[in-house]
Number of protein chains: 2
Amino acid sequence: MRMDLRSMAIQSRNAYYDLSVSAPESRNQALLTLADRLAADRKEIFSANREDLIQAEQEGLSAPLLHRLIFGEEKLAQVQEGLRALAALPDPVGETVFCHEITEGLKLYRVTCPIGVLGVIFESRPDALIQISSLALKSGNAALMKGGREALRTNQALLRSVRSALVQAGLPEDAVQLLETREDVAEMLKQDDLIDLIIPRGSNSFVRYIMEHSRIPVLGHADGICHVYVDAYADLEMAKKVALDSKVQNLSVCNAEETLLVHEAVAEAFLPPFAGLLRDHGVEIRGDEAVQSLISCVPATEEDWRTEYLDAILSIRIVPSLQEAIRHINHYGSHHTDCIITEDDRAAAEFLNRVDSAGVYRNVSTRFADGFVYGLGAEVGIATGKIHARGPMGLDGLTTYKYKLLGQGQTMAEMKSGVRHYVHHVLSEKCPL
Amino acid sequence: MRMDLRSMAIQSRNAYYDLSVSAPESRNQALLTLADRLAADRKEIFSANREDLIQAEQEGLSAPLLHRLIFGEEKLAQVQEGLRALAALPDPVGETVFCHEITEGLKLYRVTCPIGVLGVIFESRPDALIQISSLALKSGNAALMKGGREALRTNQALLRSVRSALVQAGLPEDAVQLLETREDVAEMLKQDDLIDLIIPRGSNSFVRYIMEHSRIPVLGHADGICHVYVDAYADLEMAKKVALDSKVQNLSVCNAEETLLVHEAVAEAFLPPFAGLLRDHGVEIRGDEAVQSLISCVPATEEDWRTEYLDAILSIRIVPSLQEAIRHINHYGSHHTDCIITEDDRAAAEFLNRVDSAGVYRNVSTRFADGFVYGLGAEVGIATGKIHARGPMGLDGLTTYKYKLLGQGQTMAEMKSGVRHYVHHVLSEKCPL
């Protein structure tokens, strides 16, 4: 019989407390051990993955989704490489951000620390389980994970390897646990006294459900409605290249372009040839009235501006000004990643500062919005909110800080009476405890 | 006729967009202008304050609350000093946190920026309006504020001065607006597409209501249930001094001690004399059974461990171990500020790392948990959550960051095909836009 969710969450919390006093060496050792362990356990993992694949095929999963589900030698090698790279990174917790001497002998340290217990819901890509477990472990967090249903057997096999590696490194195996049903997820969302942060990945309706049904803070994104805006001062050849890549390089990802905005001054020169390129790539165009007068297209409705197609469809609107482009993006967008194509520094600065998105780009494809591309190591998700972490979230999104104050009996009465005085010296000292 | 809340929030949002492209010099100028303006407007402000005081007296407000409500020459001078100090601080936004070259010529900048529109609810201390307005302005945020009902006239007068100073500095006056009723607050909590962060201060039932009724992120604290734990290896003279100061130096503040935990090994030596001290200060003791066997006291109930008295009452429990003290604090506490009294470094390290609170102290009064004391400048609130900001929140709690990516037409297709390669150089460059 499986344990109830609340008991699992309590185990996670206790594991987190133990992790919060663990040495970084133990956590890195667990990552290296896991890399070896996965190789040793490959037979069980591959066989579980084959069962998942057979069932998924029987259930008629599409070819791209089937492909994502595969965990074979190639994925194993990638995952091992990732684990070893992660082990080599500096410890993200226990870092003294600053030290202030408040009054004689009384030292305040702001020190980075784990967040606590993370609830992570992810899509049907089994290497995600290893990625999330390892990022959580590196940063001293415990993780309650829910993977895609299609990958359940593979995830269970991978989890066994992770838990063995934890035990071998002397760390609590309950630091990683796997939920199996959507009912478990619904229960998890209620444990706001035990779980500190929810990170949902995957389909946007589910992410939105989660954001609306939990008092636990949620970091992530429901939609990726990314825009490319071709300014009056754009290099039109560059605009074609970037707007095309943003749309077609990968249709089904959150950083793909969904709406193209074109300044009216360049619309006539830009749109007819660009429409030809889109048609060559099989992309359907949905345009506003001004667009319809220049190229043949499906009429766009209000709903189109709010839609993440994740498909070979692009909505296009002609705007009278940079200001209207910015207004459109802030109004209809999802604060993910938006790009201006312009040669004009003033237009670029206005766009970059006024557009209220995690990523604001000039003259480069929106497809670059990714934790690996940004050089953050792996990413645990992409956040479109503004609190805590924004854009691709790497290890630093999984940490917080606490204030450690080390004294020798100082009291506020002494400060108020003038027996002691504030000194507020900035020191460059690491917290000794 | 007053404007509806949604229209006010839209105005705040537009003001925030304008602030997000404003020069730091203009924002600092507005702070300095405000310091002068308040002096010029003193007659109107003091007279509004007198009216508030008269009404509050008629309504029977308690003497300490009446005292807090006073805004006279002394408060004015303090507020002016605070404004000038704030203007002199470095700009918290527009700072390049890091710069990575991703591929040749493509530079990624993580740059600090304002959060957006803040909804701040604060207690009946009219200088809070100036403090919050000025912190918001310094960090480029717009603020929708709701002050205490008793201070309404004073707040309205102060707001007029702030808005004049904004206009004089060429900044949007709608960056600061004042709500007048609790119904306005309830409406504000629904505007999650316009408001980015809620910061509630004041009574804990109201803060809890806010935390439970908004999808907008909330930073703050409902309770301050702070603990002092007297360890087996405590210096008992120091323990008396710190535990007493934490309780009695100011009874009605969130960083006052509400529960004292004592290790059983020192309980007999420590408690009888300490109980005498508490009695001298008029503090009622509520103890568990073991405490009752050592000193005379009111029996503590389960409810006492979860109660923030904000009064001359202290609950006391004897614990068998450091581990049980930590468990008690993590279970019953509010993650605000907790202190261990010990001479043992290992016990101190375990306490500081396992206690899941914003402030973890060794041998010093919990009364030190304060933004000014920490050297953060003024504070906008104290956060007991773990996301974004923790403990006393200064200017850096009011900022977030965005990623600015500056390219020359780079595409993902070029990266995938190997025409371009990832370089991931770390550069020490400030973002030019």
# chains A, B, ... in the order shown; residues from 1 in each chain; ligands from 1
$ select_by_dssp --residues "stretch 283-359 of chain B" --states "helix (DSSP H, G or I)" --output "ChimeraX atom specification"
/B:289-292,302-305,322-332,345-354
$ write_last_selection --atoms "C-alpha atoms" --output "PDB file, in the first residue's frame"
ATOM      1  CA  GLU B 289       4.027  20.524  33.591  1.00  0.00           C
ATOM      2  CA  ALA B 290       7.766  20.384  34.120  1.00  0.00           C
ATOM      3  CA  VAL B 291       7.868  24.178  34.463  1.00  0.00           C
ATOM      4  CA  GLN B 292       4.949  24.098  36.894  1.00  0.00           C
ATOM      5  CA  GLU B 302      -1.283  23.567  23.214  1.00  0.00           C
ATOM      6  CA  GLU B 303      -2.740  26.877  22.018  1.00  0.00           C
ATOM      7  CA  ASP B 304      -0.106  28.846  23.933  1.00  0.00           C
ATOM      8  CA  TRP B 305       2.714  27.474  21.758  1.00  0.00           C
ATOM      9  CA  LEU B 322      18.505  20.599  21.422  1.00  0.00           C
ATOM     10  CA  GLN B 323      16.745  18.513  18.760  1.00  0.00           C
ATOM     11  CA  GLU B 324      13.407  18.834  20.525  1.00  0.00           C
ATOM     12  CA  ALA B 325      13.886  22.598  20.856  1.00  0.00           C
ATOM     13  CA  ILE B 326      14.511  22.835  17.099  1.00  0.00           C
ATOM     14  CA  ARG B 327      11.516  20.602  16.378  1.00  0.00           C
ATOM     15  CA  HIS B 328       9.291  22.759  18.602  1.00  0.00           C
ATOM     16  CA  ILE B 329      10.409  25.966  16.901  1.00  0.00           C
ATOM     17  CA  ASN B 330       9.982  24.609  13.360  1.00  0.00           C
ATOM     18  CA  HIS B 331       6.583  23.168  14.295  1.00  0.00           C
ATOM     19  CA  TYR B 332       4.995  25.979  16.321  1.00  0.00           C
ATOM     20  CA  ASP B 345      29.699  25.851  18.729  1.00  0.00           C
ATOM     21  CA  ARG B 346      28.251  22.538  17.558  1.00  0.00           C
ATOM     22  CA  ALA B 347      24.893  23.167  19.196  1.00  0.00           C
ATOM     23  CA  ALA B 348      24.896  26.695  17.762  1.00  0.00           C
ATOM     24  CA  ALA B 349      25.658  25.432  14.233  1.00  0.00           C
ATOM     25  CA  GLU B 350      22.939  22.803  14.388  1.00  0.00           C
ATOM     26  CA  PHE B 351      20.403  25.353  15.646  1.00  0.00           C
ATOM     27  CA  LEU B 352      21.341  28.016  13.098  1.00  0.00           C
ATOM     28  CA  ASN B 353      21.204  25.606  10.159  1.00  0.00           C
ATOM     29  CA  ARG B 354      18.150  23.534  11.098  1.00  0.00           C
TER      30      ARG B 354
END
$ interface_residues --of "chain B" --to "chain A" --cutoff "6 Å" --atoms "only C-alpha atoms" --output "mmCIF file with all heavy atoms, in the first residue's frame"
data_model
loop_
_atom_site.group_PDB
_atom_site.id
_atom_site.type_symbol
_atom_site.label_atom_id
_atom_site.label_comp_id
_atom_site.auth_asym_id
_atom_site.auth_seq_id
_atom_site.Cartn_x
_atom_site.Cartn_y
_atom_site.Cartn_z
ATOM 1 N N TYR B 17 5.375 51.993 -15.696
ATOM 2 C CA TYR B 17 6.072 51.903 -16.991
ATOM 3 C C TYR B 17 6.913 53.157 -17.221
ATOM 4 O O TYR B 17 8.046 53.076 -17.701
ATOM 5 C CB TYR B 17 5.078 51.705 -18.144
ATOM 6 C CG TYR B 17 4.437 50.323 -18.168
ATOM 7 C CD1 TYR B 17 3.085 50.160 -18.433
ATOM 8 C CD2 TYR B 17 5.201 49.175 -17.929
ATOM 9 C CE1 TYR B 17 2.493 48.901 -18.452
ATOM 10 C CE2 TYR B 17 4.614 47.916 -17.946
ATOM 11 C CZ TYR B 17 3.262 47.784 -18.202
ATOM 12 O OH TYR B 17 2.692 46.543 -18.223
ATOM 13 N N MET B 238 24.055 35.268 30.897
ATOM 14 C CA MET B 238 23.733 35.825 29.577
ATOM 15 C C MET B 238 22.315 35.447 29.170
ATOM 16 O O MET B 238 21.564 36.255 28.607
ATOM 17 C CB MET B 238 24.726 35.301 28.537
ATOM 18 C CG MET B 238 24.580 35.962 27.179
ATOM 19 S SD MET B 238 25.475 35.059 25.915
ATOM 20 C CE MET B 238 27.162 35.515 26.307
ATOM 21 N N VAL B 242 19.463 38.089 27.945
ATOM 22 C CA VAL B 242 18.935 38.062 26.572
ATOM 23 C C VAL B 242 17.458 37.662 26.560
ATOM 24 O O VAL B 242 16.644 38.275 25.854
ATOM 25 C CB VAL B 242 19.764 37.108 25.672
ATOM 26 C CG1 VAL B 242 19.086 36.897 24.330
ATOM 27 C CG2 VAL B 242 21.175 37.659 25.488
ATOM 28 N N ASP B 245 15.430 40.684 27.852
ATOM 29 C CA ASP B 245 15.370 41.783 26.872
ATOM 30 C C ASP B 245 14.452 41.418 25.710
ATOM 31 O O ASP B 245 13.649 42.244 25.253
ATOM 32 C CB ASP B 245 16.787 42.078 26.354
ATOM 33 C CG ASP B 245 16.848 43.321 25.480
ATOM 34 O OD1 ASP B 245 16.895 44.437 26.035
ATOM 35 O OD2 ASP B 245 16.846 43.179 24.235
ATOM 36 N N ALA B 349 25.704 25.698 15.678
ATOM 37 C CA ALA B 349 25.658 25.432 14.233
ATOM 38 C C ALA B 349 24.413 24.629 13.879
ATOM 39 O O ALA B 349 23.719 24.932 12.901
ATOM 40 C CB ALA B 349 26.928 24.703 13.788
ATOM 41 N N ARG B 354 19.404 24.298 11.160
ATOM 42 C CA ARG B 354 18.150 23.534 11.098
ATOM 43 C C ARG B 354 16.916 24.375 11.383
ATOM 44 O O ARG B 354 15.824 24.012 10.960
ATOM 45 C CB ARG B 354 18.182 22.391 12.109
ATOM 46 C CG ARG B 354 18.920 21.165 11.612
ATOM 47 C CD ARG B 354 18.678 20.021 12.599
ATOM 48 N NE ARG B 354 19.497 18.883 12.276
ATOM 49 C CZ ARG B 354 19.055 17.821 11.590
ATOM 50 N NH1 ARG B 354 17.809 17.771 11.181
ATOM 51 N NH2 ARG B 354 19.863 16.813 11.336
ATOM 52 N N ALA B 358 13.744 33.211 9.216
ATOM 53 C CA ALA B 358 14.439 34.286 8.516
ATOM 54 C C ALA B 358 15.653 34.760 9.303
ATOM 55 O O ALA B 358 16.699 35.050 8.736
ATOM 56 C CB ALA B 358 13.475 35.443 8.280
ATOM 57 N N GLY B 359 15.509 34.811 10.643
ATOM 58 C CA GLY B 359 16.626 35.212 11.493
ATOM 59 C C GLY B 359 16.940 34.113 12.488
ATOM 60 O O GLY B 359 16.044 33.646 13.196
ATOM 61 N N VAL B 360 18.181 33.652 12.522
ATOM 62 C CA VAL B 360 18.592 32.628 13.492
ATOM 63 C C VAL B 360 19.765 33.224 14.258
ATOM 64 O O VAL B 360 20.771 33.605 13.683
ATOM 65 C CB VAL B 360 18.946 31.296 12.808
ATOM 66 C CG1 VAL B 360 17.670 30.557 12.407
ATOM 67 C CG2 VAL B 360 19.831 31.482 11.584
ATOM 68 N N TYR B 361 19.592 33.345 15.591
ATOM 69 C CA TYR B 361 20.511 34.128 16.411
ATOM 70 C C TYR B 361 21.219 33.246 17.425
ATOM 71 O O TYR B 361 20.661 32.274 17.927
ATOM 72 C CB TYR B 361 19.729 35.191 17.202
ATOM 73 C CG TYR B 361 19.177 36.351 16.409
ATOM 74 C CD1 TYR B 361 19.140 36.360 15.017
ATOM 75 C CD2 TYR B 361 18.679 37.466 17.085
ATOM 76 C CE1 TYR B 361 18.621 37.449 14.331
ATOM 77 C CE2 TYR B 361 18.161 38.553 16.405
ATOM 78 C CZ TYR B 361 18.120 38.545 15.028
ATOM 79 O OH TYR B 361 17.595 39.625 14.358
ATOM 80 N N ARG B 362 22.417 33.641 17.758
ATOM 81 C CA ARG B 362 23.135 33.028 18.873
ATOM 82 C C ARG B 362 23.493 34.130 19.872
ATOM 83 O O ARG B 362 24.166 35.101 19.499
ATOM 84 C CB ARG B 362 24.415 32.367 18.361
ATOM 85 C CG ARG B 362 25.232 31.720 19.477
ATOM 86 C CD ARG B 362 26.594 31.275 18.972
ATOM 87 N NE ARG B 362 27.259 30.423 19.965
ATOM 88 C CZ ARG B 362 28.456 29.883 19.799
ATOM 89 N NH1 ARG B 362 29.121 30.084 18.663
ATOM 90 N NH2 ARG B 362 28.996 29.134 20.734
ATOM 91 N N ASN B 363 23.019 33.953 21.096
ATOM 92 C CA ASN B 363 23.442 34.831 22.196
ATOM 93 C C ASN B 363 23.161 36.315 21.958
ATOM 94 O O ASN B 363 24.004 37.170 22.255
ATOM 95 C CB ASN B 363 24.949 34.653 22.479
ATOM 96 C CG ASN B 363 25.290 33.254 22.966
ATOM 97 O OD1 ASN B 363 24.398 32.526 23.419
ATOM 98 N ND2 ASN B 363 26.549 32.872 22.867
ATOM 99 N N VAL B 364 21.993 36.614 21.432
ATOM 100 C CA VAL B 364 21.646 38.019 21.246
ATOM 101 C C VAL B 364 20.121 38.150 21.200
ATOM 102 O O VAL B 364 19.416 37.252 20.731
ATOM 103 C CB VAL B 364 22.332 38.603 19.977
ATOM 104 C CG1 VAL B 364 22.006 37.778 18.737
ATOM 105 C CG2 VAL B 364 21.942 40.063 19.738
ATOM 106 N N SER B 365 19.630 39.254 21.691
ATOM 107 C CA SER B 365 18.188 39.487 21.806
ATOM 108 C C SER B 365 17.481 39.444 20.443
ATOM 109 O O SER B 365 17.981 39.995 19.454
ATOM 110 C CB SER B 365 17.972 40.863 22.450
ATOM 111 O OG SER B 365 16.622 41.252 22.351
ATOM 112 N N ILE B 387 10.470 32.875 -0.247
ATOM 113 C CA ILE B 387 10.603 33.203 -1.657
ATOM 114 C C ILE B 387 10.875 34.692 -1.807
ATOM 115 O O ILE B 387 10.205 35.507 -1.183
ATOM 116 C CB ILE B 387 9.299 32.795 -2.399
ATOM 117 C CG1 ILE B 387 9.037 31.297 -2.228
ATOM 118 C CG2 ILE B 387 9.366 33.145 -3.873
ATOM 119 C CD1 ILE B 387 10.170 30.407 -2.656
ATOM 120 N N HIS B 388 11.860 35.022 -2.596
ATOM 121 C CA HIS B 388 12.220 36.398 -2.960
ATOM 122 C C HIS B 388 13.016 37.108 -1.874
ATOM 123 O O HIS B 388 14.185 37.390 -2.052
ATOM 124 C CB HIS B 388 10.990 37.224 -3.342
ATOM 125 C CG HIS B 388 11.346 38.512 -4.013
ATOM 126 N ND1 HIS B 388 11.795 38.554 -5.293
ATOM 127 C CD2 HIS B 388 11.353 39.802 -3.571
ATOM 128 C CE1 HIS B 388 12.045 39.806 -5.626
ATOM 129 N NE2 HIS B 388 11.793 40.576 -4.596
ATOM 130 N N LYS B 402 15.730 41.403 -14.964
ATOM 131 C CA LYS B 402 15.313 40.855 -16.245
ATOM 132 C C LYS B 402 16.565 40.513 -17.030
ATOM 133 O O LYS B 402 17.659 40.997 -16.714
ATOM 134 C CB LYS B 402 14.383 41.817 -16.992
ATOM 135 C CG LYS B 402 15.007 43.081 -17.467
ATOM 136 C CD LYS B 402 14.028 44.251 -17.660
ATOM 137 C CE LYS B 402 12.850 44.003 -18.560
ATOM 138 N NZ LYS B 402 12.095 45.280 -18.816
ATOM 139 N N TYR B 403 16.403 39.650 -18.018
ATOM 140 C CA TYR B 403 17.530 39.319 -18.890
ATOM 141 C C TYR B 403 17.427 40.149 -20.158
ATOM 142 O O TYR B 403 16.413 40.090 -20.851
ATOM 143 C CB TYR B 403 17.520 37.831 -19.248
ATOM 144 C CG TYR B 403 17.938 36.925 -18.122
ATOM 145 C CD1 TYR B 403 17.003 36.212 -17.390
ATOM 146 C CD2 TYR B 403 19.282 36.781 -17.788
ATOM 147 C CE1 TYR B 403 17.390 35.381 -16.341
ATOM 148 C CE2 TYR B 403 19.684 35.952 -16.748
ATOM 149 C CZ TYR B 403 18.732 35.248 -16.031
ATOM 150 O OH TYR B 403 19.119 34.425 -15.007
ATOM 151 N N LYS B 404 18.483 40.907 -20.453
ATOM 152 C CA LYS B 404 18.540 41.644 -21.706
ATOM 153 C C LYS B 404 19.546 40.925 -22.596
ATOM 154 O O LYS B 404 20.687 40.691 -22.179
ATOM 155 C CB LYS B 404 18.989 43.086 -21.452
ATOM 156 C CG LYS B 404 17.990 43.897 -20.606
ATOM 157 C CD LYS B 404 18.451 45.352 -20.413
ATOM 158 C CE LYS B 404 17.394 46.156 -19.665
ATOM 159 N NZ LYS B 404 17.842 47.569 -19.438
ATOM 160 N N LEU B 405 19.110 40.559 -23.802
ATOM 161 C CA LEU B 405 19.990 39.832 -24.724
ATOM 162 C C LEU B 405 20.168 40.683 -25.969
ATOM 163 O O LEU B 405 19.195 41.015 -26.648
ATOM 164 C CB LEU B 405 19.360 38.476 -25.059
ATOM 165 C CG LEU B 405 20.203 37.509 -25.896
ATOM 166 C CD1 LEU B 405 21.483 37.103 -25.162
ATOM 167 C CD2 LEU B 405 19.396 36.259 -26.261
ATOM 168 N N LEU B 406 21.409 41.056 -26.235
ATOM 169 C CA LEU B 406 21.691 41.979 -27.342
ATOM 170 C C LEU B 406 22.466 41.255 -28.440
ATOM 171 O O LEU B 406 23.601 40.817 -28.222
ATOM 172 C CB LEU B 406 22.494 43.178 -26.839
ATOM 173 C CG LEU B 406 21.918 43.932 -25.625
ATOM 174 C CD1 LEU B 406 22.756 45.176 -25.318
ATOM 175 C CD2 LEU B 406 20.457 44.315 -25.848
ATOM 176 N N GLY B 407 21.822 41.126 -29.605
ATOM 177 C CA GLY B 407 22.445 40.367 -30.688
ATOM 178 C C GLY B 407 22.585 41.147 -31.976
ATOM 179 O O GLY B 407 22.313 42.354 -32.029
ATOM 180 N N GLN B 408 23.014 40.437 -33.006
ATOM 181 C CA GLN B 408 23.131 41.007 -34.344
ATOM 182 C C GLN B 408 22.483 40.057 -35.346
ATOM 183 O O GLN B 408 23.027 39.800 -36.412
ATOM 184 C CB GLN B 408 24.603 41.244 -34.722
ATOM 185 C CG GLN B 408 25.377 42.186 -33.793
ATOM 186 C CD GLN B 408 25.875 41.454 -32.550
ATOM 187 O OE1 GLN B 408 26.188 40.274 -32.577
ATOM 188 N NE2 GLN B 408 25.929 42.162 -31.421
ATOM 189 N N GLY B 409 21.350 39.494 -34.966
ATOM 190 C CA GLY B 409 20.645 38.616 -35.885
ATOM 191 C C GLY B 409 20.904 37.132 -35.682
ATOM 192 O O GLY B 409 20.524 36.310 -36.525
ATOM 193 N N GLN B 410 21.506 36.749 -34.557
ATOM 194 C CA GLN B 410 21.792 35.329 -34.318
ATOM 195 C C GLN B 410 20.495 34.491 -34.261
ATOM 196 O O GLN B 410 19.493 34.927 -33.697
ATOM 197 C CB GLN B 410 22.559 35.150 -32.994
ATOM 198 C CG GLN B 410 23.998 35.622 -33.028
ATOM 199 C CD GLN B 410 24.175 37.098 -32.712
ATOM 200 O OE1 GLN B 410 23.205 37.873 -32.698
ATOM 201 N NE2 GLN B 410 25.403 37.500 -32.481
ATOM 202 N N THR B 411 20.576 33.289 -34.833
ATOM 203 C CA THR B 411 19.428 32.376 -34.815
ATOM 204 C C THR B 411 19.802 31.044 -34.164
ATOM 205 O O THR B 411 20.982 30.679 -34.107
ATOM 206 C CB THR B 411 18.934 32.062 -36.249
ATOM 207 O OG1 THR B 411 19.993 31.379 -36.941
ATOM 208 C CG2 THR B 411 18.549 33.333 -36.992
ATOM 209 N N LEU B 433 22.164 49.332 -22.547
ATOM 210 C CA LEU B 433 20.803 49.829 -22.834
ATOM 211 C C LEU B 433 19.888 49.684 -21.614
ATOM 212 O O LEU B 433 19.962 48.707 -20.907
ATOM 213 C CB LEU B 433 20.194 49.062 -24.009
ATOM 214 C CG LEU B 433 20.845 49.284 -25.364
ATOM 215 C CD1 LEU B 433 20.189 48.390 -26.403
ATOM 216 C CD2 LEU B 433 20.736 50.733 -25.806
#
$ closest_residue --among "B:Leu53, B:Ala128, B:Ile121, B:Ile199" --to "B:Leu69" --atoms "only C-alpha atoms"
B:Leu53
$ decode --residues "stretch 129-181 of chain B" --atoms "C-alpha atoms" --output "mmCIF file, in the first residue's frame"
data_model
loop_
_atom_site.group_PDB
_atom_site.id
_atom_site.type_symbol
_atom_site.label_atom_id
_atom_site.label_comp_id
_atom_site.auth_asym_id
_atom_site.auth_seq_id
_atom_site.Cartn_x
_atom_site.Cartn_y
_atom_site.Cartn_z
ATOM 1 C CA LEU B 129 3.334 56.604 4.093
ATOM 2 C CA ILE B 130 6.483 58.616 3.432
ATOM 3 C CA GLN B 131 8.728 55.639 4.136
ATOM 4 C CA ILE B 132 6.867 53.370 1.712
ATOM 5 C CA SER B 133 6.415 56.014 -0.999
ATOM 6 C CA SER B 134 10.082 56.886 -0.881
ATOM 7 C CA LEU B 135 11.344 53.284 -0.931
ATOM 8 C CA ALA B 136 9.008 52.512 -3.850
ATOM 9 C CA LEU B 137 10.136 55.607 -5.727
ATOM 10 C CA LYS B 138 13.848 54.989 -5.130
ATOM 11 C CA SER B 139 13.447 51.489 -6.593
ATOM 12 C CA GLY B 140 11.253 52.582 -9.534
ATOM 13 C CA ASN B 141 8.050 50.939 -8.317
ATOM 14 C CA ALA B 142 4.569 52.421 -8.200
ATOM 15 C CA ALA B 143 2.662 52.020 -4.918
ATOM 16 C CA LEU B 144 -1.010 51.676 -4.127
ATOM 17 C CA MET B 145 -1.167 52.291 -0.390
ATOM 18 C CA LYS B 146 -3.766 51.763 2.308
ATOM 19 C CA GLY B 147 -2.953 53.279 5.673
ATOM 20 C CA GLY B 148 -4.727 53.074 9.005
ATOM 21 C CA ARG B 149 -8.202 54.615 9.120
ATOM 22 C CA GLU B 150 -7.205 56.791 12.097
ATOM 23 C CA ALA B 151 -4.487 58.525 10.059
ATOM 24 C CA LEU B 152 -6.516 59.175 6.912
ATOM 25 C CA ARG B 153 -6.384 62.981 6.939
ATOM 26 C CA THR B 154 -2.677 63.049 7.715
ATOM 27 C CA ASN B 155 -2.006 60.480 4.997
ATOM 28 C CA GLN B 156 -3.991 62.489 2.462
ATOM 29 C CA ALA B 157 -2.003 65.618 3.293
ATOM 30 C CA LEU B 158 1.312 63.737 3.085
ATOM 31 C CA LEU B 159 0.266 62.167 -0.208
ATOM 32 C CA ARG B 160 -0.362 65.611 -1.711
ATOM 33 C CA SER B 161 3.219 66.585 -0.853
ATOM 34 C CA VAL B 162 4.604 63.375 -2.384
ATOM 35 C CA ARG B 163 2.635 63.858 -5.596
ATOM 36 C CA SER B 164 3.748 67.487 -5.908
ATOM 37 C CA ALA B 165 7.359 66.433 -5.491
ATOM 38 C CA LEU B 166 6.936 63.802 -8.227
ATOM 39 C CA VAL B 167 5.466 66.344 -10.635
ATOM 40 C CA GLN B 168 8.239 68.814 -9.834
ATOM 41 C CA ALA B 169 10.828 66.140 -10.704
ATOM 42 C CA GLY B 170 9.057 65.351 -13.992
ATOM 43 C CA LEU B 171 7.823 61.980 -12.749
ATOM 44 C CA PRO B 172 4.276 60.567 -12.903
ATOM 45 C CA GLU B 173 2.270 61.601 -9.817
ATOM 46 C CA ASP B 174 0.145 58.444 -10.061
ATOM 47 C CA ALA B 175 3.187 56.466 -8.950
ATOM 48 C CA VAL B 176 1.720 56.895 -5.452
ATOM 49 C CA GLN B 177 -1.967 56.558 -4.696
ATOM 50 C CA LEU B 178 -3.952 56.101 -1.528
ATOM 51 C CA LEU B 179 -6.852 53.697 -0.946
ATOM 52 C CA GLU B 180 -9.352 54.666 1.708
ATOM 53 C CA THR B 181 -11.462 51.652 2.608
#
